[in-house]
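Novice: Okay, handing you the structure first.
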Amino acid sequence: MDIAVGPADTIMIACLVLFFGKYINKKVPFLREYNIPEPVTGGVLFSIVFGALYFIGGIQLSFALDLRDALLVIFFITIGLSSQFKTLVKGGRSLIILLVLAVGYLFIQNFTGMGVAAITGLSPTTGILGGSVSFSGGHGTTIAWVPTFKGDFGLDNAMELGIACATIGLVLGGVIGGPIAKFLINKYRLTPKEEQPITVGVRHDKGEDVQITYSSALQMIYVIFATVGVGEGLNALVSAMGLSLPRFVTALFAGILITNLIPVFFKKVDWNPEKSKSLALASDLSLGLFLAMSLMSLQLWTLVDLAGPLLLIVLAQVIVISLFVVLFVFRIMGKDYDAAVMSAGYAGLALGATPTAIANMTAVTKKFGGSPKAFIVVPLVGAFFIDLSNALIIKFLLGTFG
(Lines give C-alpha, C1' and ligand atoms only; values in the text may rest on other atoms or scores of the structure.)
Protein backbone atom coordinates (compact mmCIF):
# COMPACT_ATOMS: atom_id res chain seq x y z
CA MET A 1 0.00 0.00 0.00
CA ASP A 2 1.43 3.32 -1.12
CA ILE A 3 0.64 6.29 1.15
CA ALA A 4 1.32 9.79 -0.22
CA VAL A 5 2.57 12.12 2.51
CA GLY A 6 1.72 15.79 1.84
CA PRO A 7 4.16 18.72 2.06
CA ALA A 8 3.06 19.84 5.54
CA ASP A 9 3.30 16.34 6.99
CA THR A 10 6.64 15.79 5.28
CA ILE A 11 8.07 18.88 6.98
CA MET A 12 6.56 17.82 10.29
CA ILE A 13 8.20 14.38 10.06
CA ALA A 14 11.51 15.98 9.04
CA CYS A 15 11.36 18.13 12.17
CA LEU A 16 10.78 14.98 14.24
CA VAL A 17 13.82 13.42 12.55
CA LEU A 18 15.94 16.37 13.73
CA PHE A 19 14.47 16.28 17.25
CA PHE A 20 15.16 12.55 17.57
CA GLY A 21 18.64 12.91 16.07
CA LYS A 22 19.49 15.65 18.55
CA TYR A 23 18.02 13.68 21.46
CA ILE A 24 19.81 10.44 20.56
CA ASN A 25 23.15 12.21 20.08
CA LYS A 26 22.75 13.71 23.56
CA LYS A 27 21.93 10.35 25.12
CA VAL A 28 24.58 8.32 23.27
CA PRO A 29 28.00 9.84 24.02
CA PHE A 30 29.66 7.83 21.23
CA LEU A 31 27.66 9.62 18.53
CA ARG A 32 28.49 13.08 19.80
CA GLU A 33 32.06 12.16 20.68
CA TYR A 34 32.69 11.09 17.10
CA ASN A 35 30.83 14.04 15.56
CA ILE A 36 28.05 12.09 13.84
CA PRO A 37 25.67 14.74 12.39
CA GLU A 38 22.28 14.84 14.11
CA PRO A 39 20.30 14.67 10.81
CA VAL A 40 22.21 11.49 9.91
CA THR A 41 21.41 9.87 13.26
CA GLY A 42 17.70 10.71 13.08
CA GLY A 43 17.41 10.14 9.33
CA VAL A 44 18.90 6.66 9.41
CA LEU A 45 16.69 5.70 12.37
CA PHE A 46 13.50 6.85 10.63
CA SER A 47 14.47 5.21 7.33
CA ILE A 48 14.86 1.91 9.21
CA VAL A 49 11.44 2.38 10.81
CA PHE A 50 9.84 3.13 7.43
CA GLY A 51 11.68 0.15 5.94
CA ALA A 52 10.21 -2.07 8.68
CA LEU A 53 6.73 -0.76 7.82
CA TYR A 54 7.30 -1.89 4.24
CA PHE A 55 8.66 -5.34 5.09
CA ILE A 56 6.09 -6.09 7.81
CA GLY A 57 2.94 -4.41 6.56
CA GLY A 58 3.67 -3.67 2.90
CA ILE A 59 3.25 0.08 3.61
CA GLN A 60 5.30 2.42 1.46
CA LEU A 61 5.42 6.12 2.33
CA SER A 62 5.96 8.56 -0.53
CA PHE A 63 7.08 11.96 0.73
CA ALA A 64 6.55 15.35 -0.93
CA LEU A 65 10.17 16.43 -1.50
CA ASP A 66 9.72 19.54 -3.64
CA LEU A 67 10.56 21.80 -0.70
CA ARG A 68 13.80 19.88 -0.14
CA ASP A 69 15.40 21.47 -3.22
CA ALA A 70 14.38 24.94 -2.00
CA LEU A 71 16.01 24.23 1.37
CA LEU A 72 19.24 23.31 -0.42
CA VAL A 73 19.19 26.62 -2.30
CA ILE A 74 18.60 28.54 0.94
CA PHE A 75 21.41 26.66 2.65
CA PHE A 76 23.97 27.49 -0.04
CA ILE A 77 22.84 31.11 0.03
CA THR A 78 23.63 31.25 3.75
CA ILE A 79 27.08 29.76 3.08
CA GLY A 80 27.70 32.37 0.39
CA LEU A 81 26.49 35.21 2.62
CA SER A 82 28.96 34.11 5.30
CA SER A 83 31.92 34.22 2.89
CA GLN A 84 34.25 37.19 2.77
CA PHE A 85 36.60 37.81 -0.15
CA LYS A 86 39.55 37.77 2.26
CA THR A 87 38.60 34.21 3.20
CA LEU A 88 38.26 33.31 -0.47
CA VAL A 89 41.73 34.71 -1.17
CA LYS A 90 43.23 32.79 1.75
CA GLY A 91 41.50 29.64 0.55
CA GLY A 92 42.54 30.05 -3.10
CA ARG A 93 45.63 27.85 -2.84
CA SER A 94 43.79 25.27 -0.74
CA LEU A 95 40.96 25.23 -3.30
CA ILE A 96 43.34 24.39 -6.13
CA ILE A 97 45.15 21.72 -4.11
CA LEU A 98 41.93 20.02 -2.99
CA LEU A 99 40.56 20.18 -6.53
CA VAL A 100 43.64 18.40 -7.89
CA LEU A 101 43.37 15.77 -5.15
CA ALA A 102 39.65 15.33 -5.78
CA VAL A 103 40.08 14.92 -9.54
CA GLY A 104 42.84 12.38 -8.96
CA TYR A 105 40.64 10.50 -6.53
CA LEU A 106 37.90 10.15 -9.14
CA PHE A 107 40.27 7.82 -11.02
CA ILE A 108 41.13 5.94 -7.81
CA GLN A 109 37.45 5.56 -6.97
CA ASN A 110 36.66 4.13 -10.39
CA PHE A 111 39.63 1.76 -10.35
CA THR A 112 38.50 0.58 -6.91
CA GLY A 113 35.03 -0.19 -8.26
CA MET A 114 36.49 -1.88 -11.32
CA GLY A 115 38.80 -3.97 -9.12
CA VAL A 116 35.88 -5.24 -7.03
CA ALA A 117 33.94 -5.92 -10.23
CA ALA A 118 36.83 -8.00 -11.60
CA ILE A 119 37.04 -10.03 -8.37
CA THR A 120 33.32 -10.78 -8.38
CA GLY A 121 33.16 -11.56 -12.11
CA LEU A 122 31.25 -8.40 -13.04
CA SER A 123 31.94 -6.15 -16.02
CA PRO A 124 34.26 -3.10 -15.79
CA THR A 125 31.27 -0.87 -16.54
CA THR A 126 29.60 -2.16 -13.37
CA GLY A 127 32.71 -1.08 -11.48
CA ILE A 128 32.55 2.40 -12.98
CA LEU A 129 28.91 2.63 -11.96
CA GLY A 130 29.99 1.58 -8.45
CA GLY A 131 32.74 4.19 -8.59
CA SER A 132 32.57 7.92 -9.15
CA VAL A 133 29.20 7.75 -10.93
CA SER A 134 27.26 6.81 -7.81
CA PHE A 135 29.56 7.86 -4.96
CA SER A 136 31.18 11.18 -5.91
CA GLY A 137 28.35 11.83 -8.36
CA GLY A 138 25.47 10.89 -6.08
CA HIS A 139 21.86 10.30 -7.09
CA GLY A 140 21.72 13.05 -9.71
CA THR A 141 24.76 11.85 -11.68
CA THR A 142 23.60 8.24 -11.38
CA ILE A 143 20.17 8.98 -12.82
CA ALA A 144 21.72 11.02 -15.63
CA TRP A 145 24.09 8.19 -16.69
CA VAL A 146 21.73 5.21 -16.27
CA PRO A 147 20.40 5.37 -19.88
CA THR A 148 23.99 5.11 -21.15
CA PHE A 149 24.78 2.10 -18.98
CA LYS A 150 21.55 0.41 -20.04
CA GLY A 151 21.46 1.30 -23.72
CA ASP A 152 25.16 1.19 -24.64
CA PHE A 153 26.48 -1.44 -22.23
CA GLY A 154 23.45 -3.66 -21.53
CA LEU A 155 23.55 -3.14 -17.75
CA ASP A 156 19.84 -3.72 -17.08
CA ASN A 157 20.03 -3.21 -13.30
CA ALA A 158 22.06 -0.01 -13.62
CA MET A 159 19.41 2.11 -11.91
CA GLU A 160 19.04 -0.23 -8.93
CA LEU A 161 22.77 -0.71 -8.40
CA GLY A 162 23.66 2.94 -8.91
CA ILE A 163 20.93 4.28 -6.63
CA ALA A 164 21.83 1.67 -4.00
CA CYS A 165 25.49 2.76 -3.99
CA ALA A 166 24.54 6.44 -3.91
CA THR A 167 22.10 5.83 -1.07
CA ILE A 168 24.53 3.91 1.13
CA GLY A 169 27.27 6.39 0.26
CA LEU A 170 25.07 9.25 1.44
CA VAL A 171 24.67 7.56 4.82
CA LEU A 172 28.26 6.36 5.28
CA GLY A 173 29.62 9.69 4.07
CA GLY A 174 27.91 11.25 7.07
CA VAL A 175 29.21 8.56 9.40
CA ILE A 176 32.95 8.38 8.70
CA GLY A 177 33.78 12.10 8.41
CA GLY A 178 33.42 12.93 12.10
CA PRO A 179 35.54 10.02 13.39
CA ILE A 180 38.27 10.83 10.85
CA ALA A 181 38.39 14.45 12.04
CA LYS A 182 38.42 13.39 15.70
CA PHE A 183 41.32 10.99 15.04
CA LEU A 184 43.35 13.68 13.26
CA ILE A 185 42.60 16.44 15.76
CA ASN A 186 43.48 14.27 18.76
CA LYS A 187 46.53 12.65 17.17
CA TYR A 188 48.11 15.95 16.15
CA ARG A 189 46.59 18.03 19.01
CA LEU A 190 45.06 20.51 16.60
CA THR A 191 43.14 23.67 17.50
CA PRO A 192 41.93 26.64 15.44
CA LYS A 193 44.66 29.24 14.94
CA GLU A 194 42.33 31.88 16.35
CA GLU A 195 38.77 32.17 17.60
CA GLN A 196 36.69 31.82 14.43
CA PRO A 197 32.93 32.22 14.03
CA ILE A 198 30.90 29.09 13.38
CA THR A 199 29.62 29.09 9.79
CA VAL A 200 26.67 26.77 10.47
CA GLY A 201 24.87 26.61 13.84
CA VAL A 202 26.44 27.39 17.24
CA ARG A 203 29.14 25.68 19.28
CA HIS A 204 28.04 23.01 21.74
CA ASP A 205 29.92 24.67 24.59
CA LYS A 206 28.09 27.96 24.01
CA GLY A 207 24.72 26.38 24.87
CA GLU A 208 21.46 27.04 23.09
CA ASP A 209 20.73 30.46 24.61
CA VAL A 210 21.56 32.40 21.46
CA GLN A 211 20.41 36.00 21.32
CA ILE A 212 18.39 36.66 18.17
CA THR A 213 16.48 39.91 17.90
CA TYR A 214 13.42 40.73 15.83
CA SER A 215 15.52 43.03 13.63
CA SER A 216 18.30 40.49 13.04
CA ALA A 217 15.81 37.75 12.14
CA LEU A 218 13.90 40.06 9.78
CA GLN A 219 17.13 41.21 8.14
CA MET A 220 18.20 37.61 7.71
CA ILE A 221 14.91 36.61 6.05
CA TYR A 222 14.96 39.63 3.74
CA VAL A 223 18.56 39.15 2.61
CA ILE A 224 18.14 35.42 2.02
CA PHE A 225 15.13 35.82 -0.23
CA ALA A 226 16.61 38.83 -2.00
CA THR A 227 19.62 36.66 -2.75
CA VAL A 228 17.32 33.93 -4.09
CA GLY A 229 16.24 36.40 -6.77
CA VAL A 230 19.83 37.29 -7.64
CA GLY A 231 20.71 33.60 -7.81
CA GLU A 232 17.82 32.90 -10.17
CA GLY A 233 18.96 35.79 -12.34
CA LEU A 234 22.51 34.40 -12.46
CA ASN A 235 21.15 30.98 -13.33
CA ALA A 236 19.13 32.41 -16.21
CA LEU A 237 22.19 34.32 -17.43
CA VAL A 238 24.36 31.21 -17.33
CA SER A 239 21.66 29.21 -19.15
CA ALA A 240 21.49 31.89 -21.86
CA MET A 241 25.25 31.41 -22.35
CA GLY A 242 24.65 27.73 -23.08
CA LEU A 243 25.81 26.38 -19.72
CA SER A 244 23.78 24.39 -17.21
CA LEU A 245 24.43 24.75 -13.48
CA PRO A 246 22.36 23.53 -10.53
CA ARG A 247 20.38 26.29 -8.84
CA PHE A 248 22.28 25.88 -5.59
CA VAL A 249 25.61 26.65 -7.32
CA THR A 250 24.43 30.02 -8.64
CA ALA A 251 22.79 30.63 -5.24
CA LEU A 252 26.20 30.16 -3.59
CA PHE A 253 27.83 32.62 -5.99
CA ALA A 254 24.98 35.10 -5.49
CA GLY A 255 25.48 34.99 -1.73
CA ILE A 256 29.22 35.57 -2.07
CA LEU A 257 28.60 38.48 -4.46
CA ILE A 258 26.00 40.22 -2.31
CA THR A 259 27.78 39.87 1.03
CA ASN A 260 30.94 41.44 -0.39
CA LEU A 261 29.24 44.24 -2.36
CA ILE A 262 26.99 45.54 0.44
CA PRO A 263 29.89 47.09 2.43
CA VAL A 264 31.15 48.74 -0.78
CA PHE A 265 27.87 50.43 -1.78
CA PHE A 266 26.26 50.78 1.66
CA LYS A 267 29.12 51.82 3.91
CA LYS A 268 26.88 52.93 6.76
CA VAL A 269 25.20 49.54 7.03
CA ASP A 270 26.43 47.39 9.90
CA TRP A 271 27.02 44.26 7.84
CA ASN A 272 28.76 41.32 9.51
CA PRO A 273 26.91 38.21 8.29
CA GLU A 274 29.75 35.87 9.29
CA LYS A 275 28.98 36.81 12.92
CA SER A 276 25.20 36.67 12.57
CA LYS A 277 23.62 34.07 14.85
CA SER A 278 20.37 34.38 12.89
CA LEU A 279 22.13 33.44 9.67
CA ALA A 280 24.09 30.63 11.34
CA LEU A 281 20.92 29.08 12.74
CA ALA A 282 19.06 29.51 9.44
CA SER A 283 21.94 27.70 7.77
CA ASP A 284 21.88 24.91 10.37
CA LEU A 285 18.11 24.47 10.10
CA SER A 286 17.94 24.44 6.29
CA LEU A 287 20.79 21.92 6.05
CA GLY A 288 19.29 19.77 8.81
CA LEU A 289 15.87 19.64 7.20
CA PHE A 290 17.35 18.92 3.78
CA LEU A 291 19.35 15.96 5.08
CA ALA A 292 16.47 14.76 7.26
CA MET A 293 14.14 14.68 4.25
CA SER A 294 16.80 12.99 2.09
CA LEU A 295 17.60 10.25 4.58
CA MET A 296 14.12 9.53 5.93
CA SER A 297 12.89 8.97 2.35
CA LEU A 298 15.50 6.29 1.57
CA GLN A 299 13.84 3.10 0.31
CA LEU A 300 16.03 0.53 2.03
CA TRP A 301 14.08 -2.43 0.67
CA THR A 302 15.41 -1.73 -2.82
CA LEU A 303 18.90 -2.72 -1.65
CA VAL A 304 18.12 -6.31 -0.58
CA ASP A 305 18.57 -8.02 -3.94
CA LEU A 306 21.95 -6.35 -4.47
CA ALA A 307 23.34 -7.13 -1.01
CA GLY A 308 26.30 -9.31 -2.10
CA PRO A 309 28.23 -7.27 -4.71
CA LEU A 310 26.96 -4.06 -3.15
CA LEU A 311 28.53 -4.89 0.22
CA LEU A 312 31.94 -5.55 -1.35
CA ILE A 313 31.85 -2.37 -3.42
CA VAL A 314 30.83 -0.20 -0.48
CA LEU A 315 33.35 -1.78 1.89
CA ALA A 316 36.18 -1.23 -0.58
CA GLN A 317 35.17 2.37 -1.27
CA VAL A 318 34.95 3.23 2.46
CA ILE A 319 38.38 1.75 3.19
CA VAL A 320 40.03 3.47 0.22
CA ILE A 321 38.56 6.94 0.91
CA SER A 322 39.46 6.71 4.60
CA LEU A 323 43.09 5.89 3.77
CA PHE A 324 43.24 8.53 1.04
CA VAL A 325 41.92 11.25 3.35
CA VAL A 326 44.22 10.43 6.27
CA LEU A 327 47.37 9.73 4.27
CA PHE A 328 47.05 12.30 1.50
CA VAL A 329 44.31 14.93 1.84
CA PHE A 330 45.08 15.89 5.45
CA ARG A 331 48.84 15.98 4.93
CA ILE A 332 48.88 17.80 1.61
CA MET A 333 46.28 20.35 2.80
CA GLY A 334 48.65 21.42 5.59
CA LYS A 335 48.23 19.06 8.58
CA ASP A 336 46.50 21.82 10.57
CA TYR A 337 43.02 22.26 12.07
CA ASP A 338 41.52 23.56 8.80
CA ALA A 339 42.96 20.52 7.01
CA ALA A 340 41.31 18.19 9.54
CA VAL A 341 37.92 19.87 9.04
CA MET A 342 38.31 19.75 5.26
CA SER A 343 39.28 16.07 5.53
CA ALA A 344 35.99 15.34 7.29
CA GLY A 345 34.15 17.29 4.62
CA TYR A 346 35.93 15.65 1.72
CA ALA A 347 35.22 12.16 3.08
CA GLY A 348 31.51 13.03 3.05
CA LEU A 349 31.82 14.57 -0.40
CA ALA A 350 33.60 11.60 -1.98
CA LEU A 351 31.09 9.09 -0.63
CA GLY A 352 27.90 11.10 -0.48
CA ALA A 353 27.21 14.68 -1.52
CA THR A 354 28.13 18.28 -0.77
CA PRO A 355 25.44 18.67 1.94
CA THR A 356 26.83 15.55 3.64
CA ALA A 357 30.30 17.10 3.53
CA ILE A 358 29.05 20.28 5.14
CA ALA A 359 27.09 18.35 7.77
CA ASN A 360 30.34 16.60 8.72
CA MET A 361 32.22 19.88 8.98
CA THR A 362 29.36 21.44 10.94
CA ALA A 363 29.43 18.64 13.51
CA VAL A 364 33.21 19.01 13.89
CA THR A 365 33.26 22.81 14.17
CA LYS A 366 30.39 22.86 16.65
CA LYS A 367 32.62 20.86 18.97
CA PHE A 368 36.12 22.15 18.24
CA GLY A 369 35.71 25.64 16.75
CA GLY A 370 35.15 27.47 13.47
CA SER A 371 36.92 26.97 10.15
CA PRO A 372 35.58 29.51 7.61
CA LYS A 373 38.15 28.45 5.02
CA ALA A 374 36.88 24.87 5.03
CA PHE A 375 33.32 26.05 4.42
CA ILE A 376 34.48 27.92 1.32
CA VAL A 377 36.89 25.41 -0.19
CA VAL A 378 34.92 22.16 0.16
CA PRO A 379 31.55 23.48 -1.16
CA LEU A 380 33.22 25.11 -4.18
CA VAL A 381 35.05 21.90 -5.05
CA GLY A 382 31.97 19.75 -4.47
CA ALA A 383 29.24 21.96 -5.86
CA PHE A 384 30.81 22.84 -9.18
CA PHE A 385 34.24 21.54 -10.20
CA ILE A 386 33.78 17.87 -9.29
CA ASP A 387 30.64 17.40 -11.38
CA LEU A 388 32.36 18.77 -14.47
CA SER A 389 35.51 16.70 -13.94
CA ASN A 390 33.50 13.58 -13.11
CA ALA A 391 31.52 13.74 -16.34
CA LEU A 392 34.71 13.90 -18.45
CA ILE A 393 36.40 11.08 -16.51
CA ILE A 394 33.34 8.79 -16.70
CA LYS A 395 33.13 9.33 -20.45
CA PHE A 396 36.86 8.61 -20.85
CA LEU A 397 36.78 5.41 -18.76
CA LEU A 398 33.66 4.07 -20.48
CA GLY A 399 35.30 4.66 -23.82
CA THR A 400 38.49 2.93 -22.69
CA PHE A 401 37.19 0.00 -20.64
CA GLY A 402 33.54 -0.26 -21.70
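Convention: chains lettered A, B, ... in C-alpha coordinates order; per-chain residue numbering from 1; ligands numbered from 1 as shown.
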For Asn25 in chain A, please output as a PyMOL selection string all residues within 8 Å (counting only C-alpha atoms; exclusion window: fewer than 5 positions along the same chain).
Specialist: chain A and resi 30-32+36+38+41
Novice: What does the file look like for those residues with N, CA and C atoms, as a tab-separated table (two decimals), in the first residue's frame?
Specialist:
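The resulting file, again-v1.tsv, is reproduced below:
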```
chain	number	residue	atom	x	y	z
A	30	PHE	N	28.84	8.23	22.37
A	30	PHE	CA	29.66	7.83	21.23
A	30	PHE	C	29.34	8.66	19.99
A	31	LEU	N	28.06	8.90	19.73
A	31	LEU	CA	27.66	9.62	18.53
A	31	LEU	C	28.15	11.06	18.54
A	32	ARG	N	28.04	11.69	19.71
A	32	ARG	CA	28.49	13.08	19.80
A	32	ARG	C	30.01	13.15	19.87
A	36	ILE	N	29.02	12.56	14.81
A	36	ILE	CA	28.05	12.09	13.84
A	36	ILE	C	26.95	13.15	13.72
A	38	GLU	N	23.60	15.17	13.56
A	38	GLU	CA	22.28	14.84	14.11
A	38	GLU	C	21.27	14.44	13.02
A	41	THR	N	21.89	10.77	12.22
A	41	THR	CA	21.41	9.87	13.26
A	41	THR	C	19.90	9.68	13.16
```
Novice: Considering only C-alpha atoms, tabulate each residue of range 56-143 of chain A that lies at most 10 Å from range 222-246 of chain A along with its nearest interatomic pair and the corresponding distance in Å to one decimal; arrange the rows by chain and ascending residue number and present them as JSON lines.
Specialist:
```
{"residue": "A:Ala70", "atom": "CA", "partner": "A:Val228", "partner_atom": "CA", "distance": 9.7}
{"residue": "A:Val73", "atom": "CA", "partner": "A:Val228", "partner_atom": "CA", "distance": 7.8}
{"residue": "A:Ile74", "atom": "CA", "partner": "A:Ile224", "partner_atom": "CA", "distance": 7.0}
{"residue": "A:Phe75", "atom": "CA", "partner": "A:Ile224", "partner_atom": "CA", "distance": 9.4}
{"residue": "A:Ile77", "atom": "CA", "partner": "A:Ile224", "partner_atom": "CA", "distance": 6.7}
{"residue": "A:Thr78", "atom": "CA", "partner": "A:Ile224", "partner_atom": "CA", "distance": 7.1}
{"residue": "A:Gly80", "atom": "CA", "partner": "A:Thr227", "partner_atom": "CA", "distance": 9.7}
{"residue": "A:Leu81", "atom": "CA", "partner": "A:Ile224", "partner_atom": "CA", "distance": 8.4}
```
Novice: Those residues with N, CA and C atoms, as a CSV table (one decimal), in the first residue's frame please?
Specialist:
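Final output, saved to part_16.csv:
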```
chain,number,residue,atom,x,y,z
A,70,ALA,N,14.4,23.5,-2.4
A,70,ALA,CA,14.4,24.9,-2.0
A,70,ALA,C,15.2,25.1,-0.8
A,73,VAL,N,18.9,25.3,-1.7
A,73,VAL,CA,19.2,26.6,-2.3
A,73,VAL,C,19.4,27.6,-1.2
A,74,ILE,N,18.5,27.6,-0.2
A,74,ILE,CA,18.6,28.5,0.9
A,74,ILE,C,19.9,28.3,1.7
A,75,PHE,N,20.2,27.0,1.9
A,75,PHE,CA,21.4,26.7,2.6
A,75,PHE,C,22.7,27.2,2.0
A,77,ILE,N,22.9,29.6,-0.1
A,77,ILE,CA,22.8,31.1,0.0
A,77,ILE,C,23.5,31.5,1.4
A,78,THR,N,23.1,30.9,2.4
A,78,THR,CA,23.6,31.2,3.8
A,78,THR,C,25.1,31.0,3.8
A,80,GLY,N,27.2,31.3,1.2
A,80,GLY,CA,27.7,32.4,0.4
A,80,GLY,C,27.7,33.7,1.1
A,81,LEU,N,26.6,34.0,1.9
A,81,LEU,CA,26.5,35.2,2.6
A,81,LEU,C,27.5,35.3,3.8
```
Novice: Can you build me a table of range 294-356 of chain A residues sitting at most 12 Å from range 275-287 of chain A, with the closest atom pair per residue and its distance in Å to one decimal, using only C-alpha atoms, sorted by chain and residue number, as a tab-separated table?
Specialist:
```
residue	atom	partner	partner_atom	distance
A:Ser294	CA	A:Leu287	CA	10.6
A:Thr354	CA	A:Leu287	CA	10.7
A:Pro355	CA	A:Leu287	CA	7.0
A:Thr356	CA	A:Leu287	CA	9.1
```
Novice: Taking into account only C-alpha atoms, which residue in the set A:Met293, A:Leu311, A:Val28, A:Ile48 is nearest to Pro7 in chain A?
Specialist: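 Of A:Met293, A:Leu311, A:Val28, A:Ile48, the one nearest Pro7 in chain A, counting only C-alpha atoms, is A:Met293.
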Novice: Looking only at strand (DSSP E) from DSSP on the backbone, list the matching residues of range 42-181 of chain A as number ranges by chain.
Specialist: A: 60-63
Novice: Between A:Phe153, A:Phe107, A:Trp145, A:Phe63, which has the minimum distance to Thr125 in chain A (counting only C-alpha atoms)?
Specialist: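 The closest residue to Thr125 in chain A is A:Phe153.
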Novice: Find the residues around range 8-19 of chain A up to 9 Å (only C-alpha atoms counted), leave out those fewer than 6 positions away in its own chain, and share them as an NGL selection string.
Specialist: :A and (38-43 or 45-46 or 63-65 or 67 or 288-293 or 296)
Novice: Mind dumping the selected residues with N, CA and C atoms as a JSON list (two decimals), in the first residue's frame?
Specialist:
```json
[["chain", "number", "residue", "atom", "x", "y", "z"],
["A", 38, "GLU", "N", 23.60, 15.17, 13.56],
["A", 38, "GLU", "CA", 22.28, 14.84, 14.11],
["A", 38, "GLU", "C", 21.27, 14.44, 13.02],
["A", 39, "PRO", "N", 21.24, 15.11, 11.85],
["A", 39, "PRO", "CA", 20.30, 14.67, 10.81],
["A", 39, "PRO", "C", 20.58, 13.25, 10.32],
["A", 40, "VAL", "N", 21.86, 12.85, 10.33],
["A", 40, "VAL", "CA", 22.21, 11.49, 9.91],
["A", 40, "VAL", "C", 21.70, 10.48, 10.92],
["A", 41, "THR", "N", 21.89, 10.77, 12.22],
["A", 41, "THR", "CA", 21.41, 9.87, 13.26],
["A", 41, "THR", "C", 19.90, 9.68, 13.16],
["A", 42, "GLY", "N", 19.16, 10.79, 13.14],
["A", 42, "GLY", "CA", 17.70, 10.71, 13.08],
["A", 42, "GLY", "C", 17.21, 10.17, 11.75],
["A", 43, "GLY", "N", 17.85, 10.57, 10.66],
["A", 43, "GLY", "CA", 17.41, 10.14, 9.33],
["A", 43, "GLY", "C", 17.56, 8.65, 9.12],
["A", 45, "LEU", "N", 17.65, 6.37, 11.49],
["A", 45, "LEU", "CA", 16.69, 5.70, 12.37],
["A", 45, "LEU", "C", 15.30, 5.67, 11.74],
["A", 46, "PHE", "N", 14.84, 6.79, 11.22],
["A", 46, "PHE", "CA", 13.50, 6.85, 10.63],
["A", 46, "PHE", "C", 13.43, 6.03, 9.35],
["A", 63, "PHE", "N", 7.04, 10.61, 0.17],
["A", 63, "PHE", "CA", 7.08, 11.96, 0.73],
["A", 63, "PHE", "C", 7.07, 13.02, -0.37],
["A", 64, "ALA", "N", 6.53, 14.19, -0.03],
["A", 64, "ALA", "CA", 6.55, 15.35, -0.93],
["A", 64, "ALA", "C", 7.88, 16.07, -0.72],
["A", 65, "LEU", "N", 8.80, 15.94, -1.68],
["A", 65, "LEU", "CA", 10.17, 16.43, -1.50],
["A", 65, "LEU", "C", 10.49, 17.68, -2.30],
["A", 67, "LEU", "N", 9.98, 20.75, -1.55],
["A", 67, "LEU", "CA", 10.56, 21.80, -0.70],
["A", 67, "LEU", "C", 12.02, 21.50, -0.37],
["A", 288, "GLY", "N", 19.84, 20.88, 8.04],
["A", 288, "GLY", "CA", 19.29, 19.77, 8.81],
["A", 288, "GLY", "C", 18.03, 19.21, 8.21],
["A", 289, "LEU", "N", 17.12, 20.10, 7.81],
["A", 289, "LEU", "CA", 15.87, 19.64, 7.20],
["A", 289, "LEU", "C", 16.11, 18.98, 5.84],
["A", 290, "PHE", "N", 17.04, 19.52, 5.07],
["A", 290, "PHE", "CA", 17.35, 18.92, 3.78],
["A", 290, "PHE", "C", 17.85, 17.49, 3.96],
["A", 291, "LEU", "N", 18.81, 17.30, 4.86],
["A", 291, "LEU", "CA", 19.35, 15.96, 5.08],
["A", 291, "LEU", "C", 18.31, 15.04, 5.71],
["A", 292, "ALA", "N", 17.52, 15.58, 6.63],
["A", 292, "ALA", "CA", 16.47, 14.76, 7.26],
["A", 292, "ALA", "C", 15.51, 14.23, 6.21],
["A", 293, "MET", "N", 15.07, 15.10, 5.30],
["A", 293, "MET", "CA", 14.14, 14.68, 4.25],
["A", 293, "MET", "C", 14.80, 13.69, 3.29],
["A", 296, "MET", "N", 15.34, 10.23, 5.47],
["A", 296, "MET", "CA", 14.12, 9.53, 5.93],
["A", 296, "MET", "C", 13.35, 8.94, 4.74]]
```
Novice: Might you pull out every residue within 12 Å of Gly178 in chain A, with only C-alpha atoms counted and same-chain residues fewer than 4 positions away left off, and present them as a count of residues only?
Specialist: 40
Novice: Show which residues sit within 10 Å of Thr167 in chain A, as a PyMOL selection string. Count only C-alpha atoms, and ignore same-chain residues fewer than 6 positions away.
Specialist: chain A and resi 134-135+138-139+161+173+294-295+298-300+303+351-352
Novice: Of the residues A:Thr120, A:Gln317, A:Ser297, A:Ser82, which is the one nearest to Val5 in chain A, using only C-alpha atoms?
Specialist: A:Ser297
Novice: So, counting only C-alpha atoms, which residue among A:Val378, A:Ala181, A:Ile258, A:Ile108 is closest to Lys335 in chain A?
Specialist: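 Looking only at the distances to Lys335 in chain A, the closest residue turns out to be A:Ala181.
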Novice: Find, counting only C-alpha atoms, the residue in A:Gly151, A:Pro29, A:Gly131, A:Gly104 that gets nearest to Ala316 in chain A.
Specialist: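 The closest residue to Ala316 in chain A is A:Gly131.
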Novice: DSSP on the backbone: what in range 5-218 of chain A comes out helix (DSSP H, G or I), as a VMD selection string?
Specialist: chain A and resid 7 to 27 29 to 33 38 to 57 66 to 81 85 to 90 92 to 119 124 to 133 138 to 151 158 to 188 204 to 206 214 to 218
